[in-house]
$ cat protein30.cif   # mmCIF, C-alpha atoms and all ligand atoms
data_entry
#
loop_
_atom_site.group_PDB
_atom_site.id
_atom_site.type_symbol
_atom_site.label_atom_id
_atom_site.label_comp_id
_atom_site.auth_asym_id
_atom_site.auth_seq_id
_atom_site.Cartn_x
_atom_site.Cartn_y
_atom_site.Cartn_z
ATOM 1 C CA MET A 285 -107.799 -29.620 -41.375
ATOM 2 C CA PRO A 286 -107.800 -27.568 -38.148
ATOM 3 C CA GLN A 287 -109.387 -29.323 -35.218
ATOM 4 C CA ASN A 288 -110.861 -27.532 -32.247
ATOM 5 C CA THR A 289 -107.613 -28.182 -30.360
ATOM 6 C CA SER A 290 -105.535 -26.349 -32.961
ATOM 7 C CA VAL A 291 -104.445 -22.852 -33.740
ATOM 8 C CA ILE A 292 -106.886 -20.941 -35.918
ATOM 9 C CA ILE A 293 -105.913 -17.905 -37.998
ATOM 10 C CA ASP A 294 -108.366 -15.094 -38.535
ATOM 11 C CA LYS A 295 -107.521 -13.974 -42.062
ATOM 12 C CA HIS A 296 -109.273 -10.633 -41.523
ATOM 13 C CA ARG A 297 -106.966 -9.724 -38.655
ATOM 14 C CA CYS A 298 -103.692 -11.096 -40.054
ATOM 15 C CA THR A 299 -101.489 -8.311 -41.445
ATOM 16 C CA GLY A 300 -98.820 -10.717 -42.675
ATOM 17 C CA CYS A 301 -96.149 -9.346 -40.312
ATOM 18 C CA GLY A 302 -94.576 -12.822 -40.114
ATOM 19 C CA LEU A 303 -93.840 -12.839 -36.362
ATOM 20 C CA CYS A 304 -95.718 -16.134 -35.946
ATOM 21 C CA ALA A 305 -93.708 -17.742 -38.747
ATOM 22 C CA ARG A 306 -90.471 -16.580 -37.133
ATOM 23 C CA ILE A 307 -91.282 -17.881 -33.660
ATOM 24 C CA CYS A 308 -92.599 -21.262 -34.796
ATOM 25 C CA HIS A 309 -89.872 -23.767 -33.908
ATOM 26 C CA GLU A 310 -91.492 -26.452 -36.042
ATOM 27 C CA HIS A 311 -91.442 -24.108 -39.051
ATOM 28 C CA CYS A 312 -95.048 -24.912 -39.850
ATOM 29 C CA ILE A 313 -96.207 -21.350 -40.498
ATOM 30 C CA THR A 314 -95.483 -19.689 -43.837
ATOM 31 C CA LEU A 315 -96.729 -16.504 -45.456
ATOM 32 C CA VAL A 316 -98.845 -17.201 -48.500
ATOM 33 C CA ASP A 317 -100.010 -14.082 -50.387
ATOM 34 C CA GLY A 318 -99.098 -11.983 -47.352
ATOM 35 C CA GLN A 319 -101.121 -14.124 -44.956
ATOM 36 C CA ALA A 320 -100.009 -16.596 -42.302
ATOM 37 C CA THR A 321 -100.847 -20.189 -43.212
ATOM 38 C CA ILE A 322 -100.364 -23.220 -40.991
ATOM 39 C CA ASN A 323 -99.301 -26.709 -41.931
ATOM 40 C CA TYR A 324 -100.953 -28.622 -39.089
ATOM 41 C CA GLU A 325 -98.956 -31.816 -39.583
ATOM 42 C CA PRO A 326 -95.743 -30.801 -37.741
ATOM 43 C CA CYS A 327 -97.507 -28.350 -35.336
ATOM 44 C CA SER A 328 -96.602 -29.249 -31.770
ATOM 45 C CA THR A 329 -99.436 -27.026 -30.445
ATOM 46 C CA CYS A 330 -97.029 -25.037 -28.282
ATOM 47 C CA SER A 331 -99.194 -21.910 -28.904
ATOM 48 C CA GLN A 332 -96.255 -19.487 -29.065
ATOM 49 C CA CYS A 333 -97.639 -18.110 -32.336
ATOM 50 C CA VAL A 334 -100.906 -17.219 -30.581
ATOM 51 C CA ALA A 335 -98.956 -15.478 -27.824
ATOM 52 C CA ILE A 336 -96.820 -13.389 -30.171
ATOM 53 C CA CYS A 337 -99.387 -12.041 -32.635
ATOM 54 C CA PRO A 338 -99.866 -8.288 -31.969
ATOM 55 C CA GLN A 339 -103.129 -8.339 -33.930
ATOM 56 C CA ARG A 340 -104.497 -11.281 -31.957
ATOM 57 C CA ALA A 341 -105.258 -12.880 -35.309
ATOM 58 C CA LEU A 342 -104.442 -16.334 -34.004
ATOM 59 C CA SER A 343 -106.514 -18.167 -31.465
ATOM 60 C CA TRP A 344 -106.139 -21.390 -29.581
ATOM 61 C CA ARG A 345 -109.135 -23.674 -29.366
ATOM 62 C CA HIS A 346 -111.240 -20.851 -30.831
ATOM 63 C CA VAL A 347 -110.627 -18.681 -27.756
ATOM 64 C CA PRO A 348 -109.056 -15.359 -28.717
ATOM 65 C CA PRO A 349 -106.169 -14.523 -26.366
ATOM 66 C CA LEU A 350 -106.190 -11.629 -23.943
ATOM 67 C CA PRO A 351 -103.237 -9.257 -24.075
ATOM 68 C CA TYR A 352 -100.806 -9.095 -21.152
ATOM 69 C CA ASP A 353 -101.289 -6.361 -18.612
ATOM 70 C CA ARG A 354 -97.676 -5.806 -17.569
ATOM 71 C CA GLU A 355 -98.697 -3.245 -14.945
ATOM 72 C CA ARG A 356 -100.168 -6.109 -12.955
ATOM 73 C CA LEU A 357 -97.025 -8.242 -12.881
ATOM 74 C CA PRO A 358 -95.639 -8.738 -9.358
ATOM 75 C CA SER A 359 -92.465 -6.863 -8.570
ATOM 76 C CA ALA A 360 -89.258 -8.690 -7.666
ATOM 77 C CA ASP A 361 -89.880 -7.670 -4.048
ATOM 78 C CA GLN A 362 -93.382 -9.137 -4.090
ATOM 79 C CA LEU A 363 -92.121 -12.344 -5.641
ATOM 80 C CA ASP A 364 -89.309 -12.491 -3.097
ATOM 81 C CA GLU A 365 -91.900 -12.263 -0.321
ATOM 82 C CA LEU A 366 -94.023 -15.002 -1.905
ATOM 83 C CA PHE A 367 -91.097 -17.414 -2.324
ATOM 84 C CA LYS A 368 -89.930 -16.885 1.223
ATOM 85 C CA GLU A 369 -93.388 -17.134 2.732
ATOM 86 C CA ARG A 370 -93.990 -20.591 1.268
ATOM 87 C CA ARG A 371 -93.530 -23.432 3.713
ATOM 88 C CA THR A 372 -94.635 -27.005 3.582
ATOM 89 C CA MET A 373 -97.770 -27.317 5.703
ATOM 90 C CA ARG A 374 -97.638 -30.092 8.228
ATOM 91 C CA SER A 375 -100.963 -29.234 9.829
ATOM 92 C CA PHE A 376 -104.127 -28.158 8.122
ATOM 93 C CA SER A 377 -107.310 -26.736 9.605
ATOM 94 C CA GLU A 378 -110.536 -28.699 9.172
ATOM 95 C CA GLU A 379 -111.980 -26.114 6.782
ATOM 96 C CA LYS A 380 -112.874 -27.458 3.349
ATOM 97 C CA ILE A 381 -111.693 -25.740 0.186
ATOM 98 C CA ASP A 382 -114.343 -24.622 -2.242
ATOM 99 C CA ARG A 383 -114.243 -26.768 -5.397
ATOM 100 C CA ALA A 384 -114.245 -23.680 -7.622
ATOM 101 C CA LEU A 385 -111.083 -22.497 -5.872
ATOM 102 C CA LEU A 386 -109.480 -25.937 -6.190
ATOM 103 C CA GLU A 387 -110.249 -25.948 -9.906
ATOM 104 C CA GLU A 388 -108.777 -22.467 -10.201
ATOM 105 C CA ILE A 389 -105.578 -23.646 -8.484
ATOM 106 C CA ILE A 390 -105.385 -26.725 -10.708
ATOM 107 C CA SER A 391 -105.945 -24.623 -13.825
ATOM 108 C CA TYR A 392 -102.630 -22.841 -13.220
ATOM 109 C CA GLY A 393 -100.868 -26.109 -13.979
ATOM 110 C CA ALA A 394 -101.716 -25.393 -17.613
ATOM 111 C CA TYR A 395 -99.489 -22.291 -17.566
ATOM 112 C CA ALA A 396 -96.410 -24.389 -16.908
ATOM 113 C CA PRO A 397 -94.480 -25.754 -19.891
ATOM 114 C CA THR A 398 -96.245 -29.100 -19.927
ATOM 115 C CA ASN A 399 -97.894 -28.986 -23.343
ATOM 116 C CA ASN A 400 -97.246 -32.275 -24.991
ATOM 117 C CA TYR A 401 -97.028 -34.751 -22.204
ATOM 118 C CA ASN A 402 -100.738 -35.372 -21.803
ATOM 119 C CA LEU A 403 -100.841 -34.936 -18.044
ATOM 120 C CA ARG A 404 -104.032 -35.599 -16.176
ATOM 121 C CA VAL A 405 -105.095 -34.389 -12.760
ATOM 122 C CA ILE A 406 -106.991 -36.398 -10.189
ATOM 123 C CA ALA A 407 -108.535 -34.327 -7.428
ATOM 124 C CA VAL A 408 -109.943 -35.746 -4.202
ATOM 125 C CA ASP A 409 -111.752 -33.676 -1.586
ATOM 126 C CA ASP A 410 -114.009 -36.294 -0.058
ATOM 127 C CA GLU A 411 -112.998 -37.059 3.524
ATOM 128 C CA THR A 412 -113.788 -40.788 3.336
ATOM 129 C CA THR A 413 -111.620 -41.208 0.239
ATOM 130 C CA LEU A 414 -108.815 -39.114 1.730
ATOM 131 C CA GLU A 415 -108.899 -41.304 4.830
ATOM 132 C CA ALA A 416 -108.963 -44.465 2.737
ATOM 133 C CA LEU A 417 -105.913 -43.317 0.767
ATOM 134 C CA GLU A 418 -104.088 -42.403 3.969
ATOM 135 C CA ARG A 419 -104.880 -45.892 5.318
ATOM 136 C CA ILE A 420 -103.520 -47.475 2.138
ATOM 137 C CA ILE A 421 -100.296 -45.458 2.481
ATOM 138 C CA LEU A 422 -99.873 -46.669 6.055
ATOM 139 C CA GLN A 423 -100.632 -50.286 5.136
ATOM 140 C CA PHE A 424 -98.104 -50.106 2.328
ATOM 141 C CA MET A 425 -95.549 -48.528 4.648
ATOM 142 C CA ARG A 426 -96.150 -51.311 7.179
ATOM 143 C CA ARG A 427 -95.486 -53.912 4.479
ATOM 144 C CA VAL A 428 -92.325 -52.171 3.272
ATOM 145 C CA TYR A 429 -91.173 -51.875 6.870
ATOM 146 C CA SER A 430 -91.674 -55.521 7.725
ATOM 147 C CA LEU A 431 -90.097 -56.703 4.459
ATOM 148 C CA PHE A 432 -86.995 -54.505 4.378
ATOM 149 C CA PHE A 433 -86.515 -52.652 7.650
ATOM 150 C CA ARG A 434 -87.565 -54.876 10.529
ATOM 151 C CA SER A 435 -84.885 -57.529 10.211
ATOM 152 C CA ARG A 436 -81.489 -56.128 11.157
ATOM 153 C CA ILE A 437 -79.705 -58.360 8.651
ATOM 154 C CA ILE A 438 -81.923 -57.392 5.726
ATOM 155 C CA PHE A 439 -81.711 -53.711 6.713
ATOM 156 C CA LYS A 440 -77.908 -53.933 6.703
ATOM 157 C CA LEU A 441 -78.028 -55.490 3.244
ATOM 158 C CA ILE A 442 -80.411 -52.798 1.985
ATOM 159 C CA ARG A 443 -78.042 -50.112 3.262
ATOM 160 C CA ILE A 444 -75.155 -51.699 1.379
ATOM 161 C CA LEU A 445 -77.223 -51.927 -1.796
ATOM 162 C CA THR A 446 -78.622 -48.384 -1.471
ATOM 163 C CA PRO A 447 -75.829 -46.348 0.123
ATOM 164 C CA ALA A 448 -77.673 -43.086 -0.561
ATOM 165 C CA MET A 449 -80.508 -44.133 1.734
ATOM 166 C CA ASP A 450 -80.830 -42.000 4.836
ATOM 167 C CA PRO A 451 -80.729 -44.310 7.886
ATOM 168 C CA LYS A 452 -83.133 -41.865 9.545
ATOM 169 C CA ASP A 453 -85.837 -43.183 7.198
ATOM 170 C CA LYS A 454 -86.128 -46.295 9.365
ATOM 171 C CA VAL A 455 -86.704 -44.267 12.533
ATOM 172 C CA LYS A 456 -89.114 -41.939 10.778
ATOM 173 C CA MET A 457 -91.086 -44.881 9.446
ATOM 174 C CA GLU A 458 -91.250 -46.468 12.896
ATOM 175 C CA GLU A 459 -92.592 -43.240 14.366
ATOM 176 C CA THR A 460 -95.187 -42.800 11.643
ATOM 177 C CA LEU A 461 -96.368 -46.382 12.040
ATOM 178 C CA ALA A 462 -96.506 -46.045 15.823
ATOM 179 C CA ARG A 463 -98.575 -42.843 15.522
ATOM 180 C CA GLY A 464 -100.935 -44.517 13.082
ATOM 181 C CA ASP A 465 -101.171 -41.494 10.829
ATOM 182 C CA SER A 466 -98.620 -39.252 9.241
ATOM 183 C CA PHE A 467 -99.995 -35.747 9.701
ATOM 184 C CA HIS A 468 -103.368 -34.029 9.790
ATOM 185 C CA LEU A 469 -105.575 -34.909 6.856
ATOM 186 C CA PRO A 470 -105.585 -32.249 4.162
ATOM 187 C CA ALA A 471 -108.799 -30.773 2.786
ATOM 188 C CA ALA A 472 -107.914 -32.025 -0.676
ATOM 189 C CA MET A 473 -105.389 -33.963 -2.644
ATOM 190 C CA VAL A 474 -104.263 -33.296 -6.184
ATOM 191 C CA LEU A 475 -102.443 -35.993 -8.102
ATOM 192 C CA ILE A 476 -100.773 -35.379 -11.415
ATOM 193 C CA VAL A 477 -100.770 -38.544 -13.439
ATOM 194 C CA GLY A 478 -99.202 -39.308 -16.772
ATOM 195 C CA ASP A 479 -97.835 -41.971 -19.015
ATOM 196 C CA SER A 480 -94.629 -43.359 -17.529
ATOM 197 C CA ARG A 481 -93.397 -44.305 -21.014
ATOM 198 C CA ILE A 482 -93.072 -40.627 -21.911
ATOM 199 C CA ALA A 483 -89.613 -39.754 -20.649
ATOM 200 C CA LEU A 484 -90.203 -36.098 -19.799
ATOM 201 C CA SER A 485 -93.649 -36.377 -18.281
ATOM 202 C CA LEU A 486 -92.264 -36.487 -14.728
ATOM 203 C CA VAL A 487 -90.290 -33.267 -15.168
ATOM 204 C CA SER A 488 -93.263 -31.662 -16.828
ATOM 205 C CA ALA A 489 -95.541 -32.622 -13.923
ATOM 206 C CA GLN A 490 -93.220 -30.929 -11.441
ATOM 207 C CA TYR A 491 -93.546 -27.621 -13.273
ATOM 208 C CA ALA A 492 -97.330 -27.885 -13.204
ATOM 209 C CA LEU A 493 -97.280 -28.722 -9.506
ATOM 210 C CA TYR A 494 -95.117 -25.790 -8.614
ATOM 211 C CA ASN A 495 -97.434 -23.397 -10.433
ATOM 212 C CA MET A 496 -100.293 -24.801 -8.359
ATOM 213 C CA ILE A 497 -98.304 -24.510 -5.121
ATOM 214 C CA LEU A 498 -97.539 -20.833 -5.636
ATOM 215 C CA TYR A 499 -101.009 -19.916 -6.852
ATOM 216 C CA ALA A 500 -102.562 -21.766 -3.899
ATOM 217 C CA GLN A 501 -100.372 -19.729 -1.604
ATOM 218 C CA THR A 502 -101.696 -16.447 -3.002
ATOM 219 C CA GLN A 503 -105.169 -17.714 -2.092
ATOM 220 C CA GLY A 504 -104.188 -18.488 1.502
ATOM 221 C CA ILE A 505 -104.099 -22.234 0.846
ATOM 222 C CA GLY A 506 -101.211 -24.225 2.298
ATOM 223 C CA THR A 507 -99.681 -27.150 0.430
ATOM 224 C CA ARG A 508 -97.656 -30.245 1.157
ATOM 225 C CA LEU A 509 -95.867 -32.411 -1.337
ATOM 226 C CA LYS A 510 -96.265 -36.020 -0.351
ATOM 227 C CA GLY A 511 -93.170 -37.940 -1.423
ATOM 228 C CA THR A 512 -93.436 -41.384 0.113
ATOM 229 C CA GLY A 513 -97.223 -41.266 -0.107
ATOM 230 C CA GLN A 514 -96.950 -40.772 -3.850
ATOM 231 C CA ILE A 515 -94.564 -43.704 -4.271
ATOM 232 C CA PHE A 516 -96.691 -46.006 -2.135
ATOM 233 C CA LEU A 517 -100.028 -45.046 -3.717
ATOM 234 C CA ASP A 518 -98.587 -45.549 -7.177
ATOM 235 C CA ARG A 519 -97.452 -49.057 -6.281
ATOM 236 C CA SER A 520 -100.511 -50.091 -4.310
ATOM 237 C CA ARG A 521 -103.043 -52.091 -6.267
ATOM 238 C CA ALA A 522 -105.843 -50.961 -3.935
ATOM 239 C CA ALA A 523 -104.939 -47.299 -4.431
ATOM 240 C CA ARG A 524 -104.626 -47.678 -8.188
ATOM 241 C CA ARG A 525 -108.124 -49.187 -8.239
ATOM 242 C CA HIS A 526 -109.469 -46.398 -5.995
ATOM 243 C CA LEU A 527 -108.017 -43.733 -8.285
ATOM 244 C CA GLY A 528 -108.959 -45.505 -11.510
ATOM 245 C CA LEU A 529 -105.383 -45.502 -12.782
ATOM 246 C CA GLN A 530 -104.773 -47.167 -16.148
ATOM 247 C CA LYS A 531 -101.888 -49.573 -16.765
ATOM 248 C CA HIS A 532 -99.384 -46.992 -17.985
ATOM 249 C CA GLU A 533 -100.650 -44.170 -15.797
ATOM 250 C CA HIS A 534 -98.383 -43.272 -12.928
ATOM 251 C CA ILE A 535 -98.573 -40.701 -10.182
ATOM 252 C CA LEU A 536 -95.986 -38.109 -11.142
ATOM 253 C CA GLY A 537 -96.730 -35.673 -8.367
ATOM 254 C CA MET A 538 -98.897 -35.564 -5.297
ATOM 255 C CA LEU A 539 -99.951 -32.422 -3.510
ATOM 256 C CA GLU A 540 -102.048 -32.059 -0.404
ATOM 257 C CA LEU A 541 -103.881 -28.803 0.157
ATOM 258 C CA GLY A 542 -105.716 -27.152 3.005
ATOM 259 C CA TYR A 543 -106.128 -23.979 4.990
ATOM 260 C CA PRO A 544 -103.084 -23.716 7.247
ATOM 261 C CA ALA A 545 -103.622 -24.508 10.911
ATOM 262 C CA VAL A 546 -100.533 -22.516 11.806
ATOM 263 C CA GLN A 547 -99.010 -19.243 10.751
ATOM 264 C CA PHE A 548 -95.267 -19.032 10.351
ATOM 265 C CA ALA A 549 -93.617 -15.873 11.637
ATOM 266 C CA ASN A 550 -90.131 -15.867 10.174
ATOM 267 C CA LYS A 551 -88.317 -16.146 6.899
ATOM 268 C CA VAL A 552 -85.676 -18.846 7.162
ATOM 269 C CA GLU A 553 -82.856 -19.137 4.715
ATOM 270 C CA GLY A 554 -83.288 -22.178 2.513
ATOM 271 C CA LYS A 555 -80.585 -24.760 2.004
ATOM 272 C CA ALA A 556 -78.553 -23.387 -0.883
ATOM 273 C CA LEU A 557 -78.333 -25.474 -4.017
ATOM 274 C CA GLY A 558 -74.733 -26.538 -4.512
ATOM 275 C CA LEU A 559 -73.557 -24.170 -7.202
ATOM 276 C CA ARG A 560 -70.658 -25.126 -9.443
ATOM 277 C CA TRP A 561 -69.455 -22.895 -12.244
ATOM 278 C CA VAL A 562 -67.993 -24.590 -15.282
ATOM 279 C CA PRO A 563 -65.296 -23.712 -16.288
HETATM 280 C C1 LIG A 601 -90.173 -34.576 -3.583
HETATM 281 C C2 LIG A 601 -90.601 -34.059 -2.256
HETATM 282 C C3 LIG A 601 -91.367 -34.869 -1.433
HETATM 283 C C4 LIG A 601 -91.792 -34.421 -0.174
HETATM 284 N N1 LIG A 601 -92.543 -35.221 0.623
HETATM 285 C C5 LIG A 601 -92.991 -34.762 1.808
HETATM 286 C C6 LIG A 601 -93.835 -35.556 2.646
HETATM 287 O O1 LIG A 601 -94.155 -36.683 2.304
HETATM 288 N N2 LIG A 601 -94.270 -35.026 3.781
HETATM 289 C C7 LIG A 601 -93.931 -33.764 4.182
HETATM 290 O O2 LIG A 601 -94.359 -33.314 5.234
HETATM 291 N N3 LIG A 601 -93.134 -32.993 3.414
HETATM 292 C C8 LIG A 601 -92.661 -33.470 2.255
HETATM 293 N N4 LIG A 601 -91.855 -32.696 1.473
HETATM 294 C C9 LIG A 601 -91.537 -31.366 1.930
HETATM 295 C C10 LIG A 601 -90.174 -31.261 2.523
HETATM 296 O O3 LIG A 601 -90.035 -32.074 3.607
HETATM 297 C C11 LIG A 601 -90.007 -29.818 2.859
HETATM 298 O O4 LIG A 601 -89.908 -29.163 1.660
HETATM 299 C C12 LIG A 601 -88.829 -29.517 3.746
HETATM 300 O O5 LIG A 601 -89.089 -29.987 5.028
HETATM 301 C C13 LIG A 601 -88.555 -28.030 3.765
HETATM 302 O O6 LIG A 601 -89.660 -27.343 4.197
HETATM 303 P P1 LIG A 601 -90.352 -26.188 3.356
HETATM 304 O O7 LIG A 601 -91.044 -26.826 2.202
HETATM 305 O O8 LIG A 601 -91.270 -25.558 4.340
HETATM 306 O O9 LIG A 601 -89.293 -25.251 2.889
HETATM 307 C C14 LIG A 601 -91.410 -33.134 0.238
HETATM 308 C C15 LIG A 601 -90.629 -32.333 -0.587
HETATM 309 C C16 LIG A 601 -90.225 -32.790 -1.819
HETATM 310 C C17 LIG A 601 -89.375 -31.900 -2.673
#
$ encode --input "protein30.cif" --output "structure tokens" --more "lines below"
Ligand SMILES: Cc1cc2nc3c(=O)[nH]c(=O)nc-3n(C[C@H](O)[C@H](O)[C@H](O)COP(=O)(O)O)c2cc1C
Amino acid sequence: MPQNTSVIIDKHRCTGCGLCARICHEHCITLVDGQATINYEPCSTCSQCVAICPQRALSWRHVPPLPYDRERLPSADQLDELFKERRTMRSFSEEKIDRALLEEIISYGAYAPTNNYNLRVIAVDDETTLEALERIILQFMRRVYSLFFRSRIIFKLIRILTPAMDPKDKVKMEETLARGDSFHLPAAMVLIVGDSRIALSLVSAQYALYNMILYAQTQGIGTRLKGTGQIFLDRSRAARRHLGLQKHEHILGMLELGYPAVQFANKVEGKALGLRWVP
């Protein structure tokens, strides 16, 4: 029985062309008497059938799809400009971001291939909570520092056990702790959370985050991924309580957003990914 989260077929629009049956990788659509019919059991709800139907006979959650307007797609040059304009924001202005705009940015996460991993988003734009979370990150960092970094002997041991660790991390941590805050507070924070037992949820969350980053940029909103902050918040009991995280829920991505306090002038070549052709 179709639920309201499933694909619905409008029998009056279906011409029986079979495109939906051909694209369905779960093979759950068949033509019966010249009409598409779905077996909902194996349906992975990927919605490719809805996207392919030229008659728009299929709908997702009862919302008929809109056709693409390919004239409006950005050109390669425009995309090139967007990619190269993006920089991690280290300083944000004090201006708040309208919640409607934040929700719009977050909604673009749904256009990344994240379908089945049941990701959730936690958004924070309240200054007191943002400050509290920042304080928790610093407290956690202080604890990590005194446990593993302060003692020269333990630090040496840690470096032997984790040879990939950048020794600069110690200096950076010392500077952050001495300053008492990492960077300017953002206007908002978006956390993608998911079930850590689902192997691909982390990868999936990254796609959603990157969609949000690029869409935010088109709206003049700067972003900053928060690596250590994410790790510390996820492990801090106080933060988990603050954010209402369930036992198996983990922070898979953490993005800070705000209006940029600075404007960059130049495109700088990124560090190339090490390419290796095989064979
Ligand atoms: C997983 C990940 C975590 C990051 N964490 C932080 C962070 O905690 N603070 C920060 O300022 N930038 C963080 N960054 C941003 C990088 O430092 C930044 O991408 C790098 O300095 C290059 O700058 P760009 O983003 O402007 O190209 C992170 C980036 C990644 C990929």
$ residues_around --input "protein30.cif" --residues "stretch 473-482 of chain A" --least-positions-apart "4" --cutoff "6 Å" --atoms "all atoms listed in the file" --output "JSON, numbers by chain"
{"A": [403, 404, 405, 406, 407, 408, 532, 533, 534, 535, 536, 537, 538, 539, 540]}
$ axis_aligned_box --input "protein30.cif" --around "ligand LIG 601 (chain A)" --padding-each-side "5 Å" --output "lines of an AutoDock Vina configuration file"
center_x = -91.5
center_y = -31.0
center_z = 0.8
size_x = 15.8
size_y = 21.4
size_z = 18.8
$ residues_near_ligand --input "protein30.cif" --ligand "ligand LIG 601 (chain A)" --cutoff "12 Å" --atoms "all atoms listed in the file" --output "JSON, numbers by chain"
{"A": [367, 368, 369, 370, 371, 372, 373, 374, 375, 376, 418, 421, 453, 456, 457, 460, 465, 466, 467, 468, 469, 470, 486, 487, 489, 490, 493, 494, 497, 498, 506, 507, 508, 509, 510, 511, 512, 513, 514, 515, 516, 517, 536, 537, 538, 539, 540, 541, 547, 548, 550, 551, 552, 553, 554, 555, 556]}
$ resolve_selection --input "protein30.cif" --expression "the PyMOL selection byres (((chain A and resi 305) around 9) and not hetatm)" --output "list in words"
Cys301, Gly302, Leu303, Cys304, Arg306, Ile307, Cys308, His309, His311, Cys312, Ile313, Thr314, Leu315, Ala320, Thr321, Ile322 and Cys333 of chain A
$ closest_residue --input "protein30.cif" --among "A:Leu461, A:Lys380, A:Ile389, A:Lys454" --to "A:Arg436" --atoms "all atoms listed in the file"
A:Lys454
$ closest_residue --input "protein30.cif" --among "A:Asn400, A:Asn323, A:Ser520, A:Ser377" --to "A:Ala545" --atoms "only C-alpha atoms"
A:Ser377
$ closest_residue --input "protein30.cif" --among "A:Gln362, A:Pro397, A:Ala523, A:Arg434" --to "A:Val455" --atoms "all atoms listed in the file"
A:Arg434
$ residues_near_point --input "protein30.cif" --point "(-102.8, -23.3, -7.2)" --cutoff "8 Å" --atoms "all atoms listed in the file" --output "short mmCIF file (atom, residue, chain, number, x, y, z; two decimals) with C-alpha atoms, in the coordinates of the input"
data_model
loop_
_atom_site.label_atom_id
_atom_site.label_comp_id
_atom_site.auth_asym_id
_atom_site.auth_seq_id
_atom_site.Cartn_x
_atom_site.Cartn_y
_atom_site.Cartn_z
CA LEU A 386 -109.48 -25.94 -6.19
CA GLU A 388 -108.78 -22.47 -10.20
CA ILE A 389 -105.58 -23.65 -8.48
CA ILE A 390 -105.38 -26.72 -10.71
CA SER A 391 -105.94 -24.62 -13.82
CA TYR A 392 -102.63 -22.84 -13.22
CA GLY A 393 -100.87 -26.11 -13.98
CA ASN A 495 -97.43 -23.40 -10.43
CA MET A 496 -100.29 -24.80 -8.36
CA ILE A 497 -98.30 -24.51 -5.12
CA LEU A 498 -97.54 -20.83 -5.64
CA TYR A 499 -101.01 -19.92 -6.85
CA ALA A 500 -102.56 -21.77 -3.90
CA GLN A 501 -100.37 -19.73 -1.60
CA GLN A 503 -105.17 -17.71 -2.09
#
$ closest_residue --input "protein30.cif" --among "A:Leu417, A:Leu559, A:Cys330, A:Ile442" --to "A:Ala394" --atoms "all atoms listed in the file"
A:Cys330
$ residues_around --input "protein30.cif" --residues "stretch 337-348 of chain A" --least-positions-apart "5" --cutoff "8 Å" --atoms "all atoms listed in the file" --output "VMD selection string"
chain A and resid 288 to 299 303 to 304 331
$ closest_residue --input "protein30.cif" --among "A:Asp317, A:Asp382, A:Asp409, A:Asp353" --to "A:Gly300" --atoms "all atoms listed in the file"
A:Asp317
$ atom_distance --input "protein30.cif" --atom1 "atom CA of A:Leu527" --atom2 "atom CA of A:Ala472"
14.0 Å
$ atom_distance --input "protein30.cif" --atom1 "atom CA of A:Tyr543" --atom2 "atom CA of A:Glu379"
6.5 Å
$ atom_distance --input "protein30.cif" --atom1 "atom CA of A:Tyr352" --atom2 "atom CA of A:Glu365"
22.9 Å
$ closest_residue --input "protein30.cif" --among "A:Met449, A:Met425, A:Ala492, A:Cys327" --to "A:Ala462" --atoms "only C-alpha atoms"
A:Met425
